[in-house]
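Shown next: data_24.txt, given as compact mmCIF, C-alpha atoms.
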# COMPACT_ATOMS: atom_id res chain seq x y z
CA MET A 18 8.26 22.48 17.76
CA ALA A 19 5.81 20.34 19.63
CA GLU A 20 3.33 22.69 21.21
CA GLU A 21 0.37 20.45 20.56
CA VAL A 22 1.81 17.03 21.30
CA GLY A 23 4.71 16.47 23.60
CA PHE A 24 5.93 14.55 26.58
CA THR A 25 3.38 16.07 28.93
CA THR A 26 0.34 15.98 26.67
CA MET A 27 0.24 12.43 25.35
CA ALA A 28 -2.78 11.44 27.41
CA GLY A 29 -4.41 14.83 27.29
CA LYS A 30 -7.26 14.05 24.95
CA ALA A 31 -10.14 12.49 26.77
CA ALA A 32 -12.98 10.52 25.31
CA SER A 33 -15.66 12.81 23.95
CA GLY A 34 -18.08 10.27 22.58
CA GLU A 35 -18.67 6.70 21.60
CA ALA A 36 -16.98 5.37 18.49
CA PRO A 37 -18.94 2.91 16.38
CA THR A 38 -17.73 -0.66 16.12
CA LEU A 39 -16.83 -2.30 12.81
CA GLY A 40 -16.62 -6.09 12.74
CA ILE A 41 -13.61 -7.34 10.78
CA GLY A 42 -13.57 -10.60 8.82
CA MET A 43 -9.92 -11.25 7.97
CA LEU A 44 -8.90 -13.60 5.15
CA GLY A 45 -5.35 -14.82 5.75
CA TYR A 46 -3.19 -15.18 8.84
CA ALA A 47 0.31 -15.02 7.36
CA PHE A 48 2.36 -11.91 6.46
CA MET A 49 -0.52 -9.57 5.67
CA GLY A 50 -2.95 -11.18 8.11
CA LYS A 51 -0.44 -10.50 10.85
CA ALA A 52 0.35 -6.95 9.66
CA HIS A 53 -3.32 -6.01 9.31
CA THR A 54 -4.25 -7.45 12.70
CA ASN A 55 -1.36 -5.58 14.31
CA ALA A 56 -2.72 -2.33 12.86
CA LEU A 57 -6.30 -3.05 13.88
CA LYS A 58 -5.13 -3.52 17.46
CA LYS A 59 -3.18 -0.25 17.39
CA LEU A 60 -5.97 1.76 15.77
CA PRO A 61 -7.76 2.82 18.99
CA TYR A 62 -4.69 4.91 19.79
CA THR A 63 -5.58 7.36 17.03
CA ASP A 64 -7.84 10.35 17.57
CA VAL A 65 -10.80 11.12 15.34
CA SER A 66 -10.54 14.86 15.75
CA THR A 67 -7.10 15.18 14.21
CA SER A 68 -6.79 12.26 11.84
CA GLY A 69 -8.05 11.33 8.43
CA TYR A 70 -8.68 14.13 6.00
CA SER A 71 -7.63 16.87 8.38
CA ALA A 72 -4.25 15.15 8.71
CA LEU A 73 -4.00 14.72 4.98
CA GLY A 74 -5.14 18.20 4.04
CA GLY A 75 -7.58 17.07 1.36
CA ASP A 76 -8.00 20.60 0.04
CA LEU A 77 -4.48 20.47 -1.34
CA TRP A 78 -5.33 17.75 -3.82
CA PRO A 79 -5.67 19.40 -7.24
CA MET B 23 -5.92 9.59 22.34
CA TYR B 24 -9.47 8.39 22.18
CA PRO B 25 -11.96 7.79 20.64
CA PRO B 26 -10.86 6.68 17.17
CA VAL B 27 -13.15 7.03 14.16
CA ALA B 28 -14.26 3.45 14.74
CA ILE B 29 -13.30 0.60 17.02
CA PRO B 30 -12.45 -2.49 14.99
CA ARG B 31 -13.75 -5.71 16.46
CA LEU B 32 -11.77 -8.77 15.43
CA ALA B 33 -14.85 -10.81 14.54
CA ALA B 34 -13.34 -13.66 12.55
CA ILE B 35 -10.27 -14.86 10.69
CA CYS B 36 -10.22 -17.35 7.85
CA GLY B 37 -7.61 -19.69 6.40
CA ARG B 38 -7.41 -23.04 4.64
CA ASN B 39 -5.31 -24.81 7.30
CA GLU B 40 -7.60 -25.31 10.29
CA GLU B 41 -4.90 -25.82 12.91
CA ALA B 42 -2.92 -22.78 11.81
CA THR B 43 -6.05 -20.64 11.50
CA ALA B 44 -7.27 -21.66 14.95
CA ASN B 45 -3.87 -20.83 16.38
CA ALA B 46 -3.88 -17.45 14.63
CA ALA B 47 -7.37 -16.68 15.95
CA LYS B 48 -6.23 -17.38 19.48
CA ARG B 49 -2.91 -15.56 19.17
CA TYR B 50 -4.29 -12.51 17.36
CA GLY B 51 -7.48 -12.33 19.44
CA TYR B 52 -10.24 -13.04 16.91
CA ASP B 53 -13.64 -14.10 18.24
CA ALA B 54 -14.00 -16.94 15.73
CA TYR B 55 -12.23 -18.68 12.88
CA TYR B 56 -13.38 -20.20 9.60
CA THR B 57 -11.80 -22.45 6.99
CA ASP B 58 -14.39 -21.40 4.40
CA TRP B 59 -14.55 -17.71 3.54
CA ARG B 60 -18.08 -18.20 2.17
CA LYS B 61 -19.29 -18.89 5.70
CA MET B 62 -17.35 -15.97 7.13
CA ILE B 63 -18.87 -13.40 4.79
CA ARG B 64 -22.36 -14.60 5.72
CA SER B 65 -21.72 -13.66 9.35
CA LYS B 66 -23.68 -10.63 10.54
CA LYS B 67 -20.79 -9.86 12.85
CA VAL B 68 -18.60 -9.02 9.84
CA ASP B 69 -18.96 -5.47 8.49
CA VAL B 70 -15.62 -5.26 6.70
CA PHE B 71 -14.05 -8.04 4.63
CA ASP B 72 -10.26 -7.70 4.80
CA ASN B 73 -8.52 -9.74 2.12
CA GLY B 74 -4.91 -10.44 3.05
CA GLY B 75 -4.71 -13.65 1.07
CA PRO B 76 -2.52 -14.51 -1.94
CA ASN B 77 -3.34 -12.84 -5.24
CA ASP B 78 -5.40 -15.72 -6.66
CA ALA B 79 -7.67 -15.45 -3.61
CA HIS B 80 -8.44 -11.77 -4.16
CA ALA B 81 -11.16 -11.66 -6.81
CA VAL B 82 -13.73 -14.34 -5.99
CA PRO B 83 -13.98 -13.82 -2.21
CA THR B 84 -13.85 -10.02 -2.49
CA ILE B 85 -16.59 -9.93 -5.14
CA ALA B 86 -18.74 -12.28 -3.04
CA ALA B 87 -18.18 -10.18 0.08
CA ALA B 88 -19.21 -7.01 -1.76
CA LYS B 89 -22.35 -8.74 -3.03
CA ALA B 90 -23.07 -9.70 0.59
CA GLY B 91 -22.96 -6.00 1.49
CA LYS B 92 -19.59 -5.98 3.21
CA HIS B 93 -17.15 -3.11 2.78
CA VAL B 94 -14.01 -4.56 1.22
CA PHE B 95 -10.33 -3.92 1.85
CA CYS B 96 -7.94 -5.87 -0.37
CA GLU B 97 -4.21 -6.33 -0.45
CA LYS B 98 -2.22 -5.30 -3.48
CA PRO B 99 -1.95 -6.00 -6.31
CA LEU B 100 -5.73 -5.92 -6.55
CA ALA B 101 -5.75 -8.79 -9.03
CA ARG B 102 -3.52 -10.90 -11.29
CA THR B 103 -4.59 -9.07 -14.44
CA ALA B 104 -6.40 -5.88 -15.38
CA ALA B 105 -9.37 -7.91 -16.60
CA GLU B 106 -9.69 -9.57 -13.20
CA ALA B 107 -9.31 -6.21 -11.44
CA LYS B 108 -12.07 -4.73 -13.64
CA LYS B 109 -14.49 -7.45 -12.49
CA MET B 110 -13.70 -6.52 -8.89
CA LEU B 111 -14.20 -2.83 -9.58
CA ASP B 112 -17.52 -3.45 -11.32
CA ALA B 113 -18.69 -5.63 -8.41
CA VAL B 114 -17.95 -3.12 -5.65
CA GLU B 115 -19.50 -0.26 -7.63
CA ALA B 116 -22.64 -2.31 -8.28
CA ALA B 117 -22.84 -3.28 -4.60
CA GLY B 118 -22.37 0.30 -3.40
CA VAL B 119 -19.89 -0.66 -0.71
CA LYS B 120 -16.70 1.15 0.26
CA HIS B 121 -13.56 -0.32 -1.31
CA MET B 122 -9.85 0.19 -0.78
CA VAL B 123 -6.61 -1.38 -2.01
CA ALA B 124 -3.82 -1.66 0.55
CA PHE B 125 -1.22 0.53 -1.14
CA ASN B 126 0.07 1.33 2.33
CA TYR B 127 3.02 3.47 1.25
CA ARG B 128 0.56 6.26 0.43
CA PHE B 129 0.27 6.50 4.23
CA VAL B 130 3.95 6.93 5.11
CA PRO B 131 3.96 10.39 6.74
CA ALA B 132 7.04 11.47 4.73
CA LEU B 133 5.30 10.51 1.46
CA VAL B 134 2.05 12.23 2.45
CA GLN B 135 4.22 15.28 3.13
CA ALA B 136 5.90 14.85 -0.26
CA ARG B 137 2.50 14.73 -1.96
CA LYS B 138 1.42 17.89 -0.15
CA LEU B 139 4.58 19.74 -1.23
CA ILE B 140 4.12 18.69 -4.86
CA ALA B 141 0.39 19.52 -4.84
CA SER B 142 1.04 22.96 -3.34
CA GLY B 143 3.38 23.77 -6.22
CA ALA B 144 6.48 23.93 -4.04
CA LEU B 145 8.47 21.96 -6.62
CA GLY B 146 6.96 23.78 -9.59
CA ARG B 147 6.75 21.85 -12.84
CA ILE B 148 7.67 18.19 -12.35
CA PHE B 149 10.32 16.85 -14.71
CA HIS B 150 11.23 13.43 -13.31
CA PHE B 151 9.82 10.58 -11.24
CA ARG B 152 12.49 7.96 -10.55
CA ALA B 153 11.70 4.96 -8.36
CA VAL B 154 13.26 1.63 -7.54
CA TYR B 155 12.03 -1.10 -5.23
CA LEU B 156 14.82 -3.57 -4.55
CA GLN B 157 15.06 -6.65 -2.34
CA GLU B 158 17.51 -9.56 -2.11
CA TRP B 159 15.65 -12.62 -0.88
CA ILE B 160 15.38 -15.03 -3.84
CA ILE B 161 18.94 -14.94 -5.23
CA ASP B 162 19.68 -18.49 -4.00
CA PRO B 163 18.70 -20.86 -6.88
CA ASN B 164 17.61 -23.39 -4.25
CA PHE B 165 15.01 -21.00 -2.88
CA PRO B 166 11.73 -22.83 -3.64
CA LYS B 167 9.00 -21.91 -6.07
CA ILE B 168 6.66 -20.29 -3.56
CA TRP B 169 3.30 -18.80 -4.60
CA ARG B 170 4.85 -15.43 -5.35
CA LEU B 171 6.89 -17.12 -8.10
CA ASP B 172 3.89 -18.90 -9.65
CA LYS B 173 2.08 -16.94 -12.35
CA SER B 174 -1.20 -18.79 -11.85
CA VAL B 175 -1.29 -17.60 -8.23
CA ALA B 176 0.57 -14.28 -8.25
CA GLY B 177 -0.07 -13.00 -11.78
CA SER B 178 3.46 -11.62 -12.05
CA GLY B 179 6.68 -11.50 -10.04
CA ALA B 180 8.59 -8.43 -8.93
CA LEU B 181 6.30 -6.35 -11.14
CA GLY B 182 3.05 -7.04 -9.27
CA ASP B 183 4.60 -7.40 -5.84
CA LEU B 184 7.06 -4.49 -5.70
CA GLY B 185 6.55 -2.64 -8.97
CA ALA B 186 2.86 -2.15 -8.23
CA HIS B 187 3.83 -0.13 -5.15
CA ILE B 188 6.12 2.32 -6.96
CA ILE B 189 3.78 2.60 -9.94
CA ASP B 190 1.07 3.55 -7.45
CA LEU B 191 3.40 6.10 -5.86
CA GLY B 192 4.10 7.53 -9.30
CA ARG B 193 0.36 8.06 -9.85
CA TYR B 194 -0.02 9.38 -6.27
CA LEU B 195 2.84 11.88 -6.52
CA VAL B 196 3.03 12.86 -10.18
CA GLY B 197 -0.03 11.74 -12.17
CA GLU B 198 -1.20 9.36 -14.86
CA PRO B 199 1.19 7.69 -17.28
CA ARG B 200 -0.06 7.67 -20.87
CA SER B 201 2.38 5.09 -22.23
CA VAL B 202 5.04 2.68 -21.00
CA MET B 203 8.06 0.77 -22.24
CA GLY B 204 9.13 -2.26 -20.26
CA MET B 205 11.70 -5.00 -20.02
CA THR B 206 11.44 -8.06 -17.78
CA ARG B 207 13.92 -10.75 -16.84
CA THR B 208 13.76 -14.15 -15.13
CA PHE B 209 17.24 -14.94 -13.81
CA ILE B 210 16.49 -18.36 -12.27
CA GLU B 211 14.33 -20.32 -14.69
CA GLU B 212 13.75 -23.43 -12.54
CA ARG B 213 13.40 -23.83 -8.78
CA PRO B 214 12.71 -26.67 -6.34
CA LEU B 215 9.00 -27.13 -5.80
CA GLY B 216 9.60 -27.20 -2.07
CA ASP B 217 7.24 -30.12 -1.57
CA GLY B 218 9.95 -32.58 -0.56
CA SER B 219 9.84 -34.39 -3.93
CA GLY B 220 13.11 -32.97 -5.15
CA ASN B 221 11.37 -31.96 -8.38
CA LYS B 222 11.82 -28.58 -9.95
CA GLY B 223 9.25 -26.27 -11.47
CA LYS B 224 9.59 -23.70 -14.26
CA ILE B 225 9.47 -20.08 -13.11
CA ASP B 226 6.95 -18.19 -15.23
CA VAL B 227 7.08 -14.76 -13.58
CA ASP B 228 9.59 -11.90 -13.78
CA ASP B 229 12.43 -11.82 -11.26
CA ALA B 230 13.01 -8.18 -12.16
CA PHE B 231 11.67 -5.47 -14.44
CA VAL B 232 12.50 -1.97 -15.58
CA ALA B 233 10.08 0.41 -17.27
CA LEU B 234 9.83 3.91 -18.63
CA LEU B 235 6.71 5.96 -17.88
CA ASP B 236 5.55 8.82 -20.09
CA PHE B 237 3.31 10.94 -17.83
CA GLU B 238 0.38 12.99 -19.16
CA ASN B 239 1.83 16.14 -17.55
CA GLY B 240 5.06 15.72 -19.50
CA ALA B 241 7.11 14.24 -16.69
CA LEU B 242 9.46 11.38 -17.51
CA GLY B 243 9.44 8.38 -15.21
CA THR B 244 11.55 5.31 -14.60
CA VAL B 245 10.59 2.41 -12.35
CA GLU B 246 12.56 -0.72 -11.52
CA ALA B 247 11.97 -3.62 -9.16
CA SER B 248 13.97 -6.71 -8.35
CA ARG B 249 14.49 -9.31 -5.65
CA PHE B 250 18.05 -9.92 -6.86
CA CYS B 251 19.85 -6.96 -5.32
CA GLN B 252 22.36 -8.06 -2.68
CA GLY B 253 22.31 -5.74 0.28
CA ARG B 254 18.97 -4.15 -0.53
CA LYS B 255 16.53 -5.23 2.19
CA ASN B 256 13.41 -3.23 1.38
CA TYR B 257 14.85 -0.44 -0.74
CA ASN B 258 11.76 1.42 -1.93
CA CYS B 259 13.55 4.57 -2.99
CA LEU B 260 12.21 7.41 -5.11
CA GLU B 261 13.13 10.89 -6.28
CA VAL B 262 11.01 13.63 -7.79
CA ASN B 263 12.74 16.51 -9.56
CA GLY B 264 10.88 19.76 -10.19
CA GLU B 265 11.89 23.15 -11.50
CA LYS B 266 12.08 24.61 -7.97
CA GLY B 267 13.44 21.65 -6.05
CA SER B 268 13.74 17.94 -5.52
CA ILE B 269 12.40 15.36 -3.07
CA GLN B 270 14.04 12.06 -2.26
CA PHE B 271 12.72 9.21 -0.07
CA ASN B 272 14.04 5.80 1.00
CA LEU B 273 11.75 3.36 2.83
CA GLU B 274 14.73 1.88 4.68
CA ARG B 275 14.94 5.28 6.41
CA MET B 276 11.25 5.99 6.25
CA GLY B 277 11.11 8.73 8.86
CA GLU B 278 13.24 11.00 6.72
CA LEU B 279 12.51 13.12 3.67
CA ASN B 280 15.40 14.64 1.73
CA VAL B 281 14.55 17.93 0.08
CA PHE B 282 16.45 20.47 -2.03
CA TRP B 283 15.21 24.00 -2.78
CA ALA B 284 16.86 25.76 -5.71
CA ASN B 285 16.47 29.31 -4.40
CA GLU B 286 17.13 28.71 -0.73
CA GLU B 287 19.16 31.33 1.14
CA PRO B 288 21.87 31.63 2.11
CA LYS B 289 23.11 30.01 -1.06
CA GLU B 290 26.35 29.07 0.63
CA THR B 291 24.54 26.32 2.58
CA ARG B 292 22.18 25.31 -0.19
CA GLY B 293 21.93 21.54 -0.53
CA PHE B 294 19.77 18.52 0.19
CA HIS B 295 18.20 18.73 3.66
CA ASN B 296 17.45 15.64 5.70
CA VAL B 297 14.08 16.34 7.35
CA ASN B 298 13.08 14.22 10.34
CA VAL B 299 9.37 13.85 9.60
CA SER B 300 8.10 13.44 13.16
CA GLU B 301 6.79 16.80 14.32
CA SER B 302 3.20 17.18 15.42
CA TYR B 303 2.56 19.31 12.31
CA HIS B 304 3.66 16.47 10.01
CA PRO B 305 0.95 14.14 8.64
CA TYR B 306 -0.46 11.75 11.25
CA TRP B 307 2.20 12.65 13.82
CA GLU B 308 -0.16 14.49 16.13
CA ASN B 309 -1.60 11.07 16.93
CA TRP B 310 1.66 9.40 17.94
CA TRP B 311 4.67 10.26 20.04
CA PRO B 312 6.83 13.26 20.85
CA GLN B 313 9.03 14.31 17.92
CA GLY B 314 11.89 12.00 17.06
CA HIS B 315 10.28 8.96 18.72
CA ALA B 316 10.08 7.02 15.48
CA ILE B 317 7.14 5.14 14.06
CA GLY B 318 7.61 2.42 11.48
CA TRP B 319 6.35 0.28 8.65
CA GLU B 320 3.48 -1.18 10.65
CA HIS B 321 2.04 2.27 11.32
CA THR B 322 1.32 2.76 7.61
CA PHE B 323 -1.32 0.05 8.04
CA VAL B 324 -2.82 1.86 11.05
CA HIS B 325 -3.13 5.02 8.98
CA GLU B 326 -4.70 3.28 6.00
CA PHE B 327 -7.23 1.44 8.15
CA HIS B 328 -8.08 4.68 9.88
CA HIS B 329 -8.61 6.28 6.47
CA PHE B 330 -10.85 3.42 5.35
CA PHE B 331 -12.93 3.44 8.52
CA ASP B 332 -13.30 7.21 8.26
CA ALA B 333 -14.64 6.70 4.73
CA ILE B 334 -17.13 4.09 5.98
CA VAL B 335 -18.33 5.82 9.15
CA ASN B 336 -18.48 9.35 7.75
CA ASN B 337 -19.29 8.43 4.14
CA LYS B 338 -16.17 10.02 2.69
CA PRO B 339 -14.42 8.98 -0.52
CA VAL B 340 -11.37 6.72 -0.17
CA ALA B 341 -9.61 8.40 -3.11
CA PRO B 342 -7.55 10.41 -3.80
CA TRP B 343 -5.45 10.04 -0.65
CA GLY B 344 -6.22 6.36 -0.34
CA ALA B 345 -6.23 3.91 -3.23
CA ASP B 346 -9.67 2.61 -4.12
CA PHE B 347 -10.47 -0.17 -6.60
CA VAL B 348 -10.31 2.34 -9.46
CA ASP B 349 -6.68 2.89 -8.50
CA GLY B 350 -6.19 -0.87 -8.14
CA TYR B 351 -7.61 -1.40 -11.63
CA LYS B 352 -5.52 1.37 -13.20
CA ASN B 353 -2.44 -0.04 -11.51
CA ALA B 354 -3.17 -3.44 -13.04
CA VAL B 355 -3.64 -1.85 -16.49
CA ILE B 356 -0.19 -0.26 -16.22
CA CYS B 357 1.39 -3.53 -15.05
CA ASP B 358 -0.23 -5.41 -17.94
CA ALA B 359 1.01 -2.74 -20.36
CA ILE B 360 4.58 -3.16 -19.07
CA VAL B 361 4.36 -6.93 -19.59
CA LYS B 362 2.96 -6.42 -23.09
CA SER B 363 5.70 -3.94 -23.92
CA ALA B 364 8.36 -6.37 -22.72
CA GLN B 365 6.86 -9.16 -24.83
CA THR B 366 6.43 -7.05 -27.99
CA ARG B 367 9.46 -4.76 -27.55
CA ARG B 368 7.24 -1.78 -28.31
CA THR B 369 5.81 1.24 -26.51
CA VAL B 370 2.34 0.45 -25.18
CA ASP B 371 -0.35 3.07 -24.56
CA VAL B 372 -2.09 2.97 -21.17
CA LYS B 373 -5.82 2.69 -21.81
CA TYR B 374 -8.21 2.49 -18.87

Represent the structure of the file as structure tokens.
Amino acid sequence: MAEEVGFTTMAGKAASGEAPTLGIGMLGYAFMGKAHTNALKKLPYTDVSTSGYSALGGDLWP
Amino acid sequence: MYPPVAIPRLAAICGRNEEATANAAKRYGYDAYYTDWRKMIRSKKVDVFDNGGPNDAHAVPTIAAAKAGKHVFCEKPLARTAAEAKKMLDAVEAAGVKHMVAFNYRFVPALVQARKLIASGALGRIFHFRAVYLQEWIIDPNFPKIWRLDKSVAGSGALGDLGAHIIDLGRYLVGEPRSVMGMTRTFIEERPLGDGSGNKGKIDVDDAFVALLDFENGALGTVEASRFCQGRKNYNCLEVNGEKGSIQFNLERMGELNVFWANEEPKETRGFHNVNVSESYHPYWENWWPQGHAIGWEHTFVHEFHHFFDAIVNNKPVAPWGADFVDGYKNAVICDAIVKSAQTRRTVDVKY
């Protein structure tokens, strides 16, 4: 089942607004500095409308 | 897939070795580099202080950054001791900034799914939480005494590095432990200092630990961590047993969740199912690739940063899905209790 995201829809979501910028000050460049930076560079691939609490389903937390 | 909740700008990176830090800034794409974190946190270009340094560099810079009005994100364990973690918690609460501890395994899609199943009651009453975190990389007695094996820097050994993760997952999946019993062991008591002198240094942290957790909800827990397990690369493996079913997870196969349902029909094929957690209806997967096109360890960091930025931009709480400094402090209290239990050979109550 992949009605919402599949091979033909990966680029389907267009920009709908401007995202704010957060300046990062990173302490450390080794294992975690590298892992964190890698994630920060990947982050713009995520979509605000479907991530965060809606992905987690916060209402299920007792 | 755009726009994200916030666009991170790599404003600055900081390290003690100037040449290495400058190289990292260039390679990673940071706008600037510092060799003094005090200067970095004064920069108006820094909104978020991200502490990926060793454990002895967590408290002082993070507290100063919070006082400077920066939101703070800190690697785990939050601090070397519960007392140190409490100072950090008090500082971020006084400053009113957002705070998060990088317990990234809370953001593995399969474990988010496990938490959802448990919270929805799918497993019914929880009887057992059973977790191990096993690695193999310091078995050689000639492996040097790096910072992770130095109590003054790390605080503890396998307990704070690996055990902290599975203790956090126990709290995330099952609940609060009210008491613990622990046992620790240091297998290699002296190691080369690694400074070229040929001298050896005494090892004052645990190489491995095991502990029993008595959860408030009546569940019984066991946790074990070691870096002396040949063949185990990053074996963060846990199982939760409830009255209606069981869940089993192994980080070395992190895209899978094994589940068993006691009343599943037909009963002739009842058994553990291996679920490929990669459908668009699984946590976070709508943001990635078509099903079965695996994501990995590094994506847990993407998810946790997204969660933190969502909390900052939209003024949402970091907890309970993410670990905030309250969770980091409670984790340190449990780790300290395990050490105390091992030293005294007694059950120790967990008191926050």

Write out, as a tab-separated table, each residue of chain B that has an atom at most 8 Å from chain A, together with the closest pair of atoms and their distance in Å to one decimal, counting only C-alpha atoms, rows going by chain and rising number.
residue	atom	partner	partner_atom	distance
B:Met23	CA	A:Asp64	CA	5.2
B:Tyr24	CA	A:Ala32	CA	5.2
B:Pro25	CA	A:Ala32	CA	5.5
B:Pro26	CA	A:Asp64	CA	4.8
B:Val27	CA	A:Val65	CA	4.9
B:Ala28	CA	A:Pro37	CA	5.0
B:Ile29	CA	A:Thr38	CA	4.7
B:Pro30	CA	A:Leu39	CA	4.9
B:Arg31	CA	A:Gly40	CA	4.7
B:Leu32	CA	A:Ile41	CA	5.2
B:Ala33	CA	A:Ile41	CA	5.3
B:Ala34	CA	A:Gly42	CA	4.8
B:Ile35	CA	A:Met43	CA	4.5
B:Cys36	CA	A:Leu44	CA	4.8
B:Gly37	CA	A:Gly45	CA	5.4
B:Thr43	CA	A:Tyr46	CA	6.7
B:Ala46	CA	A:Tyr46	CA	6.3
B:Tyr50	CA	A:Thr54	CA	6.9
B:Trp59	CA	A:Leu44	CA	7.2
B:Met62	CA	A:Gly42	CA	6.8
B:Ile63	CA	A:Gly42	CA	7.2
B:Lys67	CA	A:Gly40	CA	5.6
B:Val68	CA	A:Gly40	CA	4.6
B:Asp69	CA	A:Gly40	CA	4.9
B:Val70	CA	A:Ile41	CA	5.0
B:Phe71	CA	A:Gly42	CA	4.9
B:Asp72	CA	A:Met43	CA	4.8
B:Asn73	CA	A:Leu44	CA	4.9
B:Gly74	CA	A:Gly45	CA	5.2
B:Gly75	CA	A:Gly45	CA	4.9
B:Glu97	CA	A:Met49	CA	7.8
B:Val134	CA	A:Leu73	CA	7.0
B:Lys138	CA	A:Leu77	CA	6.5
B:Ala141	CA	A:Leu77	CA	6.1
B:Ser142	CA	A:Leu77	CA	6.4
B:Glu301	CA	A:Ala19	CA	6.5
B:Ser302	CA	A:Ala19	CA	5.9
B:Pro305	CA	A:Ala72	CA	5.3
B:Tyr306	CA	A:Ala72	CA	5.7
B:Glu308	CA	A:Val22	CA	6.1
B:Asn309	CA	A:Thr63	CA	5.4
B:Trp310	CA	A:Thr63	CA	7.6
B:Trp311	CA	A:Gly23	CA	7.2
B:Pro312	CA	A:Gly23	CA	4.7
B:Gln313	CA	A:Ala19	CA	7.0
B:Glu320	CA	A:Ala52	CA	6.6
B:His321	CA	A:Ala56	CA	6.8
B:Phe323	CA	A:Ala56	CA	5.6
B:Val324	CA	A:Ala56	CA	4.6
B:Phe327	CA	A:Leu57	CA	7.3
B:His328	CA	A:Gly69	CA	6.8
B:His329	CA	A:Gly69	CA	5.4
B:Asp332	CA	A:Gly69	CA	6.7
B:Val335	CA	A:Pro37	CA	7.8
B:Pro342	CA	A:Trp78	CA	7.7
B:Trp343	CA	A:Leu73	CA	7.5

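Residues in contact with region 232-243 of chain B at 6 Å, where only C-alpha atoms are counted and same-chain residues fewer than 2 positions away are skipped, are listed as Ile148, Phe149, His150, Phe151, Arg152, Glu198, Pro199, Arg200, Ser201, Val202, Met203, Gly204, Met205, Val245 and Glu246 of chain B.
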
Å distance separating CA of Ala117 (chain B) from CA of Lys92 (chain B), one decimal place: 8.9 Å

Just checking: using only C-alpha atoms, which residue out of B:Ile210, B:Cys357, B:Ile334, B:Ala54 ends up closest to Leu184 (chain B)? B:Cys357

Give as number ranges by chain every residue, naming chains and numbers as the document does, that has an atom within 10 Å of (-14.7, -4.9, -10.7), counting all atoms listed in the file. B: 81, 84-85, 100-101, 104-116, 347-348, 350-351

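One distance worth recording is that between CA of Arg292 (chain B) and CA of Gln135 (chain B), which is 20.8 Å.
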
Report, in Å with one decimal, the straight-line distance from CA of Lys167 (chain B) to CA of Tyr55 (chain B). 28.6 Å

Distance query 9 Å from (10.9, -20.6, -17.4) using all atoms listed in the file, result as a tab-separated table (two decimals) with C-alpha atoms, in the coordinates of the input:
chain	number	residue	atom	x	y	z
B	208	THR	CA	13.76	-14.15	-15.13
B	210	ILE	CA	16.49	-18.36	-12.27
B	211	GLU	CA	14.33	-20.32	-14.69
B	212	GLU	CA	13.75	-23.43	-12.54
B	223	GLY	CA	9.25	-26.27	-11.47
B	224	LYS	CA	9.59	-23.70	-14.26
B	225	ILE	CA	9.47	-20.08	-13.11
B	226	ASP	CA	6.95	-18.19	-15.23
B	227	VAL	CA	7.08	-14.76	-13.58

Excluding same-chain residues fewer than 3 positions from Val297 (chain B), what lies within 8 Å of it counting only C-alpha atoms, as a PyMOL selection string? chain B and resi 278-281

Deliver the residues from the most recent selection as a file, using C-alpha atoms, as a short mmCIF file (atom, residue, chain, number, x, y, z; two decimals), keeping the file's coordinate frame.
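Wrote it out as part-v3.cif, contents follow:
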data_model
loop_
_atom_site.label_atom_id
_atom_site.label_comp_id
_atom_site.auth_asym_id
_atom_site.auth_seq_id
_atom_site.Cartn_x
_atom_site.Cartn_y
_atom_site.Cartn_z
CA GLU B 278 13.24 11.00 6.72
CA LEU B 279 12.51 13.12 3.67
CA ASN B 280 15.40 14.64 1.73
CA VAL B 281 14.55 17.93 0.08
#
